[in-house]
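> Structure incoming, see below.
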Amino acid sequence: MTDAKTGGGPRWIDPTMQQQITWRDKDILVSVPIKSGTTWTMNIVHQLLTGGDPDFEDIYAEVPWIELLTRPDMPVDELLDRVGSLRRDRPRAFKSHAAPPMLPYVEPTTGPDVRYIVVVRNPEEALVSIKPFIEKHTDAWFDLWEVPRAALTRPDFPAFYYEVADHMGLIRALFEFVESWWPLRHQSNVLLLHFADMKRDHDGSLRRIAKFLDVHPTDAAWRAIATYTSFSWMKQHARKFDATTAAAVPVLEVGAMVRRGAAGAAIDDGMTSDIARHLRTMGAEICSDPLALQWLYEGGPVPR
């Protein structure tokens, strides 16, 4: 079911592939843990770079996932050829669920001008969102990887939490992600954002990301970007976000990527007080700075 090189995660994710990419000036890395606002942030970046684009086919063709193996025998050269052939008239943008050192970090004064947009989410919310997301992977995708659906699914959230998420390392990964990025949070080429803050202030978040990327949309483009990055528009066009061009077989059922996008509602999806305590205890063991753990749960201004 899993592979050592994936860190215990699904066999179709290989974080080591991105370490072989040759970066260009102005490359953008969207670095977000699973179910923490990745697809939304990918779309925000794409819309800002294009000035508003409602006609793209699949966000994964515009912002490739540089850890995804599209089939069991995929060579890394195929990924390198694909990202190397991307257009040069605007910055490239990529998705990654990894953090440094697995995701290479380029110091702003030592290499190409690579920028990192890092988003995190309250771990309780992320974890309850992972369960239905896995369930919406297609039978064709599970068959391709020869993974029994029952190995990654459970009838209720507590069973999923202890028997799947904990076993696969998904719980630790949420905290290790923050622990890796926290020392870099004030680097000029790192923008650290919280999903809850992005939800509270959509327009302000768009403008903050635009400033970070040094893009300057016109007033008309701003209106289009705000529309095309809204959850209502994304849900109405859900197929654009389901990785339809990412593999030879369908990866996801329709609408799997764009769910409710709710903040502060983990209990509605199965989170219990016992699990919440277990989760917070694990986080305190992994996050060396208590401020990092507090910010991961609550958001707000990034502590200095």
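Following the order of the structure tokens, first chain is A, next is B, and so on, with residues numbered from 1 inside each chain and ligands from 1 in the order they appear.
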Produce a table with one row for each residue of stretch 238-263 of chain A that has an atom at most 7 Å from any atom of stretch 49-62 of chain A, each row naming the nearest atom pair and its distance in Å at one decimal; use only C-alpha atoms; arrange rows by chain and rising residue number; format as CSV.


residue,atom,partner,partner_atom,distance
A:Lys240,CA,A:Asp58,CA,4.5
A:Phe241,CA,A:Ile59,CA,5.6
A:Ala243,CA,A:Tyr60,CA,5.5
A:Thr244,CA,A:Asp58,CA,6.3
A:Thr245,CA,A:Asp58,CA,6.4
A:Ala246,CA,A:Tyr60,CA,6.5

> Using backbone DSSP assignments, extract all helix (DSSP H, G or I) residues from stretch 34-167 of chain A; output them as a PyMOL selection string.

chain A and resi 38-50+59-62+76-84+123-135+139-144+149-152+157-167

> Quick one: of A:Val63, A:Glu298, A:Lys26, A:Gly37, who's nearest to A:Asp89, counting only C-alpha atoms?

A:Lys26

> Could you list, as a list in words, every residue within 10 Å of stretch 200-208 of chain A, counting only C-alpha atoms and ignoring same-chain residues fewer than 5 positions away?

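Within the cut-off, the hits are Thr41, Ile44, Val45, Gln47, Leu48, Leu191, Leu193, His194, Phe195, Leu213, Asp214, Val215, His216, Pro217, Trp222, Arg223, Ile225, Ala226, Thr229, Ser230 and Ala263 of chain A.
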
> At a cut-off of 7 Å, using only C-alpha atoms, what residues contact A:His137? Leave out same-chain residues fewer than 5 positions from it and give the result as a VMD selection string.

chain A and resid 251 to 253

> Quote the spacing between atom CA of A:Phe160 and atom CA of A:Ile130 in Å to one decimal place.

9.5 Å

> Neighbours of A:Cys287 within 8 Å (only C-alpha atoms; same-chain residues fewer than 3 positions away dropped), as a short mmCIF file (atom, residue, chain, number, x, y, z; two decimals) with C-alpha atoms, in the first residue's frame?


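The resulting around.cif:
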data_model
loop_
_atom_site.label_atom_id
_atom_site.label_comp_id
_atom_site.auth_asym_id
_atom_site.auth_seq_id
_atom_site.Cartn_x
_atom_site.Cartn_y
_atom_site.Cartn_z
CA PHE A 175 2.88 19.25 12.26
CA GLU A 176 6.22 18.42 10.65
CA VAL A 178 4.92 23.69 10.05
CA GLU A 179 8.04 22.74 11.98
CA GLY A 283 1.62 18.49 17.78
CA ALA A 284 3.24 19.75 20.96
CA PRO A 290 4.75 26.73 21.00
CA ALA A 292 4.08 27.72 15.79
CA LEU A 293 1.58 25.24 17.20
#

> Identify which of the residues A:Ile171, A:Met257, A:Ile13, A:Leu192 lies closest to A:Glu125, counting only C-alpha atoms when measuring atom-to-atom distances.

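With only C-alpha atoms as the atom set, the closest residue is A:Ile171.
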
> Need the shell around A:Leu103: protein/DNA/RNA residues with any atom at most 10 Å away, counting only C-alpha atoms. Skip same-chain ones fewer than 4 positions apart. Format as an mmCIF file with N, CA and C atoms, in the first residue's frame?


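Final output, around.cif:
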data_model
loop_
_atom_site.group_PDB
_atom_site.id
_atom_site.type_symbol
_atom_site.label_atom_id
_atom_site.label_comp_id
_atom_site.auth_asym_id
_atom_site.auth_seq_id
_atom_site.Cartn_x
_atom_site.Cartn_y
_atom_site.Cartn_z
ATOM 1 N N PRO A 15 7.848 12.321 -3.188
ATOM 2 C CA PRO A 15 8.396 13.667 -2.961
ATOM 3 C C PRO A 15 9.823 13.845 -3.451
ATOM 4 N N THR A 16 10.562 12.756 -3.664
ATOM 5 C CA THR A 16 11.958 12.897 -4.071
ATOM 6 C C THR A 16 12.088 13.422 -5.493
ATOM 7 N N MET A 17 11.051 13.310 -6.306
ATOM 8 C CA MET A 17 11.162 13.725 -7.709
ATOM 9 C C MET A 17 11.487 15.207 -7.848
ATOM 10 N N GLN A 18 10.907 16.032 -6.975
ATOM 11 C CA GLN A 18 11.069 17.481 -7.120
ATOM 12 C C GLN A 18 12.501 17.938 -6.853
ATOM 13 N N GLN A 19 13.301 17.085 -6.233
ATOM 14 C CA GLN A 19 14.679 17.467 -5.944
ATOM 15 C C GLN A 19 15.554 17.480 -7.192
ATOM 16 N N LEU A 29 6.343 28.032 -5.951
ATOM 17 C CA LEU A 29 6.015 26.754 -5.333
ATOM 18 C C LEU A 29 4.848 26.965 -4.373
ATOM 19 N N SER A 31 3.232 25.344 -1.608
ATOM 20 C CA SER A 31 3.576 24.294 -0.652
ATOM 21 C C SER A 31 2.516 24.257 0.441
ATOM 22 N N ILE A 66 4.296 18.258 -8.609
ATOM 23 C CA ILE A 66 5.628 17.727 -8.902
ATOM 24 C C ILE A 66 6.021 16.542 -8.024
ATOM 25 N N GLU A 67 5.048 15.940 -7.357
ATOM 26 C CA GLU A 67 5.289 14.701 -6.606
ATOM 27 C C GLU A 67 4.440 13.551 -7.126
ATOM 28 N N SER A 96 3.099 21.320 -4.343
ATOM 29 C CA SER A 96 3.808 20.314 -3.561
ATOM 30 C C SER A 96 3.164 20.209 -2.190
ATOM 31 N N HIS A 97 3.054 18.985 -1.690
ATOM 32 C CA HIS A 97 2.631 18.782 -0.307
ATOM 33 C C HIS A 97 3.834 18.702 0.627
ATOM 34 N N ALA A 98 5.037 18.873 0.094
ATOM 35 C CA ALA A 98 6.252 18.716 0.887
ATOM 36 C C ALA A 98 6.744 20.061 1.412
ATOM 37 N N ALA A 99 7.619 19.976 2.405
ATOM 38 C CA ALA A 99 8.295 21.132 2.986
ATOM 39 C C ALA A 99 9.789 20.837 2.973
#

> Using only C-alpha atoms, which residue out of A:Pro101, A:Leu184, A:Pro303, A:Ala220 lies closest to A:Leu291?

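For A:Leu291, the nearest of the candidates is A:Pro303.
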
> Stretch 270-278 of chain A: which residues within 7 Å, counting only C-alpha atoms, same-chain residues fewer than 3 positions away excluded, as a VMD selection string?

chain A and resid 124 128 157 266 to 267 281 to 282

> Atoms to include: C-alpha atoms. Write the selected residues as a compact mmCIF listing (two decimals), in the first residue's frame.


# COMPACT_ATOMS: atom_id res chain seq x y z
CA GLU A 124 -8.48 19.08 13.05
CA VAL A 128 -11.63 15.37 8.87
CA PHE A 157 -13.72 9.05 11.40
CA ALA A 266 -14.33 19.85 12.35
CA ILE A 267 -16.74 18.46 14.94
CA THR A 281 -0.43 16.32 22.24
CA MET A 282 1.30 14.98 19.15

> Determine, using only C-alpha atoms, which residues of stretch 167-277 of chain A have any atom at most 9 Å from an atom of stretch 68-83 of chain A, and tabulate each with its shortest atom pair and distance in Å to one decimal place, rows ordered by chain and then rising number, as JSON lines.


{"residue": "A:Ala246", "atom": "CA", "partner": "A:Thr70", "partner_atom": "CA", "distance": 6.5}
{"residue": "A:Ala247", "atom": "CA", "partner": "A:Thr70", "partner_atom": "CA", "distance": 4.8}
{"residue": "A:Ala248", "atom": "CA", "partner": "A:Thr70", "partner_atom": "CA", "distance": 7.3}
{"residue": "A:Val249", "atom": "CA", "partner": "A:Thr70", "partner_atom": "CA", "distance": 8.8}

> Sorted by chain and rising residue number, which residues of stretch 24-101 of chain A lie within 6 Å of stretch 117-120 of chain A, and what are their closest atom pairs and distances in Å to one decimal, counting only C-alpha atoms, as a tab-separated table?


residue	atom	partner	partner_atom	distance
A:Val30	CA	A:Ile117	CA	5.0
A:Ser31	CA	A:Val118	CA	4.9
A:Val32	CA	A:Val119	CA	5.1
A:Ser36	CA	A:Val120	CA	5.7

> Emit the selected residues as a CSV table (one decimal), in the first residue's frame, including N, CA and C atoms.


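Saved the output as result14.csv:
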chain,number,residue,atom,x,y,z
A,30,VAL,N,3.7,26.3,-4.6
A,30,VAL,CA,2.6,26.3,-3.7
A,30,VAL,C,2.8,25.1,-2.8
A,31,SER,N,3.2,25.3,-1.6
A,31,SER,CA,3.6,24.3,-0.7
A,31,SER,C,2.5,24.3,0.4
A,32,VAL,N,1.7,23.2,0.4
A,32,VAL,CA,0.5,23.1,1.3
A,32,VAL,C,0.3,21.7,1.7
A,36,SER,N,-5.5,21.3,2.9
A,36,SER,CA,-5.3,22.5,3.7
A,36,SER,C,-5.4,23.8,2.9

> Let me make sure I understand: among A:Trp12, A:Arg304, A:Val164, A:Trp40, which one has the smallest atom-to-atom distance to A:Ser232 if we use only C-alpha atoms?

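Closest residue, counting only C-alpha atoms: A:Trp40.
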
> Between atom CA of A:Leu296 and atom CA of A:Pro100, what is the distance in Å, rounded to a tenth?

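Atom-to-atom, atom CA of A:Leu296 to atom CA of A:Pro100, that is 17.3 Å.
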
> Which is closer to A:Ala210 than all the others in A:Ala256, A:Ala165, A:Thr227, A:His46, using only C-alpha atoms?

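Comparing A:Ala256, A:Ala165, A:Thr227, A:His46 against A:Ala210, the winner is A:His46.
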
> Return as a list in words the full set of residues in stretch 158-225 of chain A whose backbone-based DSSP assignment is strand (DSSP E).

Val190, Leu191, Leu192, Leu193 and His194 of chain A

> Residues as selected, C-alpha atoms, written as an mmCIF file, in the first residue's frame, can you do that?


data_model
loop_
_atom_site.group_PDB
_atom_site.id
_atom_site.type_symbol
_atom_site.label_atom_id
_atom_site.label_comp_id
_atom_site.auth_asym_id
_atom_site.auth_seq_id
_atom_site.Cartn_x
_atom_site.Cartn_y
_atom_site.Cartn_z
ATOM 1 C CA VAL A 190 8.427 32.860 1.656
ATOM 2 C CA LEU A 191 4.794 33.882 2.207
ATOM 3 C CA LEU A 192 3.216 31.992 5.098
ATOM 4 C CA LEU A 193 -0.592 32.070 5.143
ATOM 5 C CA HIS A 194 -3.344 30.411 7.157
#
